[in-house]
Amino acid sequence: MGLADDPFAYHLVQDGTVRVSRGGRVVVVVGGVRAARLRADLDKAYSFEAEQQLLARVTGNYRRGNEKRSK
C-alpha cells in the first residue's frame, strides 16, 4: 500500500493554513511560513506524484532511505 493506493489530499483554508488528510482523516494542519512555502511548492508541482511527495514530507510520513529490510 503506497501513495498511489491511498493518496494524500489537501485543503487550502482561507486563513492561510493547509489541511493535509489521508483516508478521510486530517493528518496535519500546517500554518504560518511553512504553509506559505507548501502552497508555493504545490503550485509548482509538475505531477501528481510530485505533489504526493511534498505532502508526505510535510506529514513526516515518508521513507528516508535508511530503513533496514527484514531478512
# chains A, B, ... in the order shown; residues from 1 in each chain; ligands from 1
>>> residues_around(residues="A:Gly23", least_positions_apart="6", cutoff="8 Å", atoms="only C-alpha atoms", output="JSON, numbers by chain")
{"A": [6, 7, 8]}
>>> write_last_selection(atoms="N, CA and C atoms", output="compact mmCIF listing (two decimals), in the first residue's frame")
# COMPACT_ATOMS: atom_id res chain seq x y z
N ASP A 6 -3.38 4.90 -1.64
CA ASP A 6 -4.01 5.72 -0.60
C ASP A 6 -3.37 7.10 -0.60
N PRO A 7 -3.75 7.96 -1.56
CA PRO A 7 -3.07 9.25 -1.70
C PRO A 7 -3.47 10.25 -0.62
N PHE A 8 -2.61 11.24 -0.43
CA PHE A 8 -2.90 12.36 0.44
C PHE A 8 -3.83 13.31 -0.30
>>> residues_around(residues="A:Ser21", least_positions_apart="2", cutoff="12 Å", atoms="only C-alpha atoms", output="tab-separated table (two decimals) with C-alpha atoms, in the first residue's frame")
chain	number	residue	atom	x	y	z
A	6	ASP	CA	-4.01	5.72	-0.60
A	7	PRO	CA	-3.07	9.25	-1.70
A	8	PHE	CA	-2.90	12.36	0.44
A	9	ALA	CA	-5.45	15.12	-0.08
A	10	TYR	CA	-5.14	18.75	0.92
A	11	HIS	CA	-7.45	21.67	1.52
A	12	LEU	CA	-6.30	25.28	1.31
A	18	VAL	CA	-3.17	23.90	4.71
A	19	ARG	CA	-5.01	20.80	5.96
A	23	GLY	CA	-8.02	8.19	4.22
A	24	GLY	CA	-10.60	10.83	5.12
A	25	ARG	CA	-8.81	11.92	8.29
A	26	VAL	CA	-6.84	15.10	8.83
A	27	VAL	CA	-3.21	14.12	9.36
A	28	VAL	CA	-1.67	17.55	9.92
A	29	VAL	CA	-2.59	21.22	9.76
A	30	VAL	CA	0.27	23.39	8.52
A	52	GLN	CA	2.16	13.48	-3.15
A	55	LEU	CA	2.52	16.21	1.18
A	56	ALA	CA	4.26	13.11	2.54
A	58	VAL	CA	5.13	17.71	5.36
A	59	THR	CA	3.45	14.97	7.38
A	61	ASN	CA	5.28	10.09	6.62
>>> select_by_dssp(residues="stretch 9-58 of chain A", states="strand (DSSP E)", output="PyMOL selection string")
chain A and resi 9-12+18-22+25-30
>>> atom_distance(atom1="atom CA of A:Gly31", atom2="atom CA of A:Asp15")
8.8 Å
>>> residues_around(residues="A:Ala50", least_positions_apart="6", cutoff="12 Å", atoms="only C-alpha atoms", output="PyMOL selection string")
chain A and resi 3-4+7-8+41-44+56-57
>>> write_last_selection(atoms="N, CA, C and O atoms", output="CSV table (one decimal), in the first residue's frame")
chain,number,residue,atom,x,y,z
A,3,LEU,N,1.5,5.5,-1.9
A,3,LEU,CA,0.8,6.7,-2.2
A,3,LEU,C,-0.2,6.6,-3.3
A,3,LEU,O,-1.2,7.3,-3.4
A,4,ALA,N,0.0,5.7,-4.3
A,4,ALA,CA,-0.9,5.6,-5.4
A,4,ALA,C,-2.2,4.9,-4.9
A,4,ALA,O,-3.3,5.2,-5.4
A,7,PRO,N,-3.8,8.0,-1.6
A,7,PRO,CA,-3.1,9.2,-1.7
A,7,PRO,C,-3.5,10.3,-0.6
A,7,PRO,O,-4.5,10.1,0.0
A,8,PHE,N,-2.6,11.2,-0.4
A,8,PHE,CA,-2.9,12.4,0.4
A,8,PHE,C,-3.8,13.3,-0.3
A,8,PHE,O,-3.8,13.4,-1.5
A,41,ASP,N,5.1,25.6,-3.2
A,41,ASP,CA,5.6,24.3,-3.8
A,41,ASP,C,4.5,23.5,-4.5
A,41,ASP,O,4.8,22.9,-5.5
A,42,LEU,N,3.3,23.5,-3.9
A,42,LEU,CA,2.2,22.7,-4.5
A,42,LEU,C,1.8,23.4,-5.9
A,42,LEU,O,1.5,22.7,-6.8
A,43,ASP,N,1.9,24.7,-6.0
A,43,ASP,CA,1.6,25.4,-7.2
A,43,ASP,C,2.6,25.0,-8.3
A,43,ASP,O,2.3,25.0,-9.5
A,44,LYS,N,3.9,24.8,-7.9
A,44,LYS,CA,4.9,24.4,-8.8
A,44,LYS,C,5.0,23.0,-9.1
A,44,LYS,O,5.8,22.6,-10.0
A,56,ALA,N,3.7,14.1,1.7
A,56,ALA,CA,4.3,13.1,2.5
A,56,ALA,C,5.4,13.7,3.4
A,56,ALA,O,5.5,13.4,4.6
A,57,ARG,N,6.2,14.5,2.8
A,57,ARG,CA,7.3,15.1,3.6
A,57,ARG,C,6.8,16.1,4.7
A,57,ARG,O,7.3,16.1,5.7
>>> atom_distance(atom1="atom CA of A:Ala35", atom2="atom CA of A:Phe48")
18.9 Å
>>> select_by_dssp(residues="stretch 25-55 of chain A", states="alpha helix (DSSP H)", output="MDAnalysis selection string")
chainID A and resid 32:44 48:55
>>> write_last_selection(atoms="N, CA, C and O atoms", output="short mmCIF file (atom, residue, chain, number, x, y, z; two decimals), in the first residue's frame")
data_model
loop_
_atom_site.label_atom_id
_atom_site.label_comp_id
_atom_site.auth_asym_id
_atom_site.auth_seq_id
_atom_site.Cartn_x
_atom_site.Cartn_y
_atom_site.Cartn_z
N GLY A 32 1.36 29.23 9.07
CA GLY A 32 2.48 30.18 9.08
C GLY A 32 3.34 30.11 7.85
O GLY A 32 2.87 29.92 6.72
N VAL A 33 4.64 30.25 8.07
CA VAL A 33 5.61 30.28 6.98
C VAL A 33 5.67 28.93 6.26
O VAL A 33 5.78 28.87 5.04
N ARG A 34 5.56 27.84 7.02
CA ARG A 34 5.57 26.51 6.39
C ARG A 34 4.40 26.34 5.43
O ARG A 34 4.54 25.72 4.38
N ALA A 35 3.24 26.87 5.80
CA ALA A 35 2.06 26.77 4.93
C ALA A 35 2.26 27.59 3.66
O ALA A 35 1.90 27.14 2.57
N ALA A 36 2.82 28.77 3.78
CA ALA A 36 3.07 29.61 2.61
C ALA A 36 4.05 28.93 1.67
O ALA A 36 3.86 28.92 0.45
N ARG A 37 5.09 28.33 2.22
CA ARG A 37 6.08 27.62 1.41
C ARG A 37 5.45 26.39 0.75
O ARG A 37 5.70 26.11 -0.43
N LEU A 38 4.61 25.67 1.49
CA LEU A 38 3.94 24.49 0.94
C LEU A 38 3.00 24.87 -0.19
O LEU A 38 2.96 24.21 -1.22
N ARG A 39 2.25 25.95 -0.02
CA ARG A 39 1.34 26.40 -1.08
C ARG A 39 2.12 26.72 -2.36
O ARG A 39 1.72 26.34 -3.45
N ALA A 40 3.24 27.41 -2.20
CA ALA A 40 4.06 27.76 -3.37
C ALA A 40 4.62 26.50 -4.03
O ALA A 40 4.61 26.39 -5.27
N ASP A 41 5.08 25.56 -3.24
CA ASP A 41 5.61 24.31 -3.80
C ASP A 41 4.53 23.49 -4.48
O ASP A 41 4.78 22.88 -5.52
N LEU A 42 3.33 23.47 -3.92
CA LEU A 42 2.23 22.74 -4.55
C LEU A 42 1.82 23.37 -5.88
O LEU A 42 1.46 22.67 -6.82
N ASP A 43 1.90 24.70 -5.96
CA ASP A 43 1.60 25.39 -7.23
C ASP A 43 2.62 25.02 -8.30
O ASP A 43 2.28 24.97 -9.47
N LYS A 44 3.85 24.77 -7.88
CA LYS A 44 4.93 24.45 -8.83
C LYS A 44 5.03 22.95 -9.14
O LYS A 44 5.79 22.56 -10.01
N PHE A 48 1.22 14.66 -10.25
CA PHE A 48 0.53 14.16 -9.07
C PHE A 48 1.51 13.52 -8.11
O PHE A 48 1.40 13.70 -6.89
N GLU A 49 2.48 12.78 -8.64
CA GLU A 49 3.47 12.11 -7.79
C GLU A 49 4.32 13.13 -7.03
O GLU A 49 4.62 12.92 -5.85
N ALA A 50 4.70 14.21 -7.69
CA ALA A 50 5.49 15.25 -7.03
C ALA A 50 4.69 15.90 -5.91
O ALA A 50 5.21 16.18 -4.82
N GLU A 51 3.41 16.11 -6.17
CA GLU A 51 2.51 16.68 -5.16
C GLU A 51 2.40 15.75 -3.96
O GLU A 51 2.47 16.18 -2.81
N GLN A 52 2.27 14.46 -4.22
CA GLN A 52 2.16 13.48 -3.15
C GLN A 52 3.43 13.42 -2.30
O GLN A 52 3.38 13.30 -1.08
N GLN A 53 4.59 13.54 -2.94
CA GLN A 53 5.86 13.54 -2.21
C GLN A 53 5.96 14.75 -1.30
O GLN A 53 6.44 14.65 -0.16
N LEU A 54 5.52 15.92 -1.78
CA LEU A 54 5.54 17.12 -0.94
C LEU A 54 4.64 16.94 0.28
O LEU A 54 5.04 17.28 1.40
N LEU A 55 3.45 16.40 0.07
CA LEU A 55 2.52 16.21 1.18
C LEU A 55 3.05 15.17 2.16
O LEU A 55 2.90 15.32 3.38
#
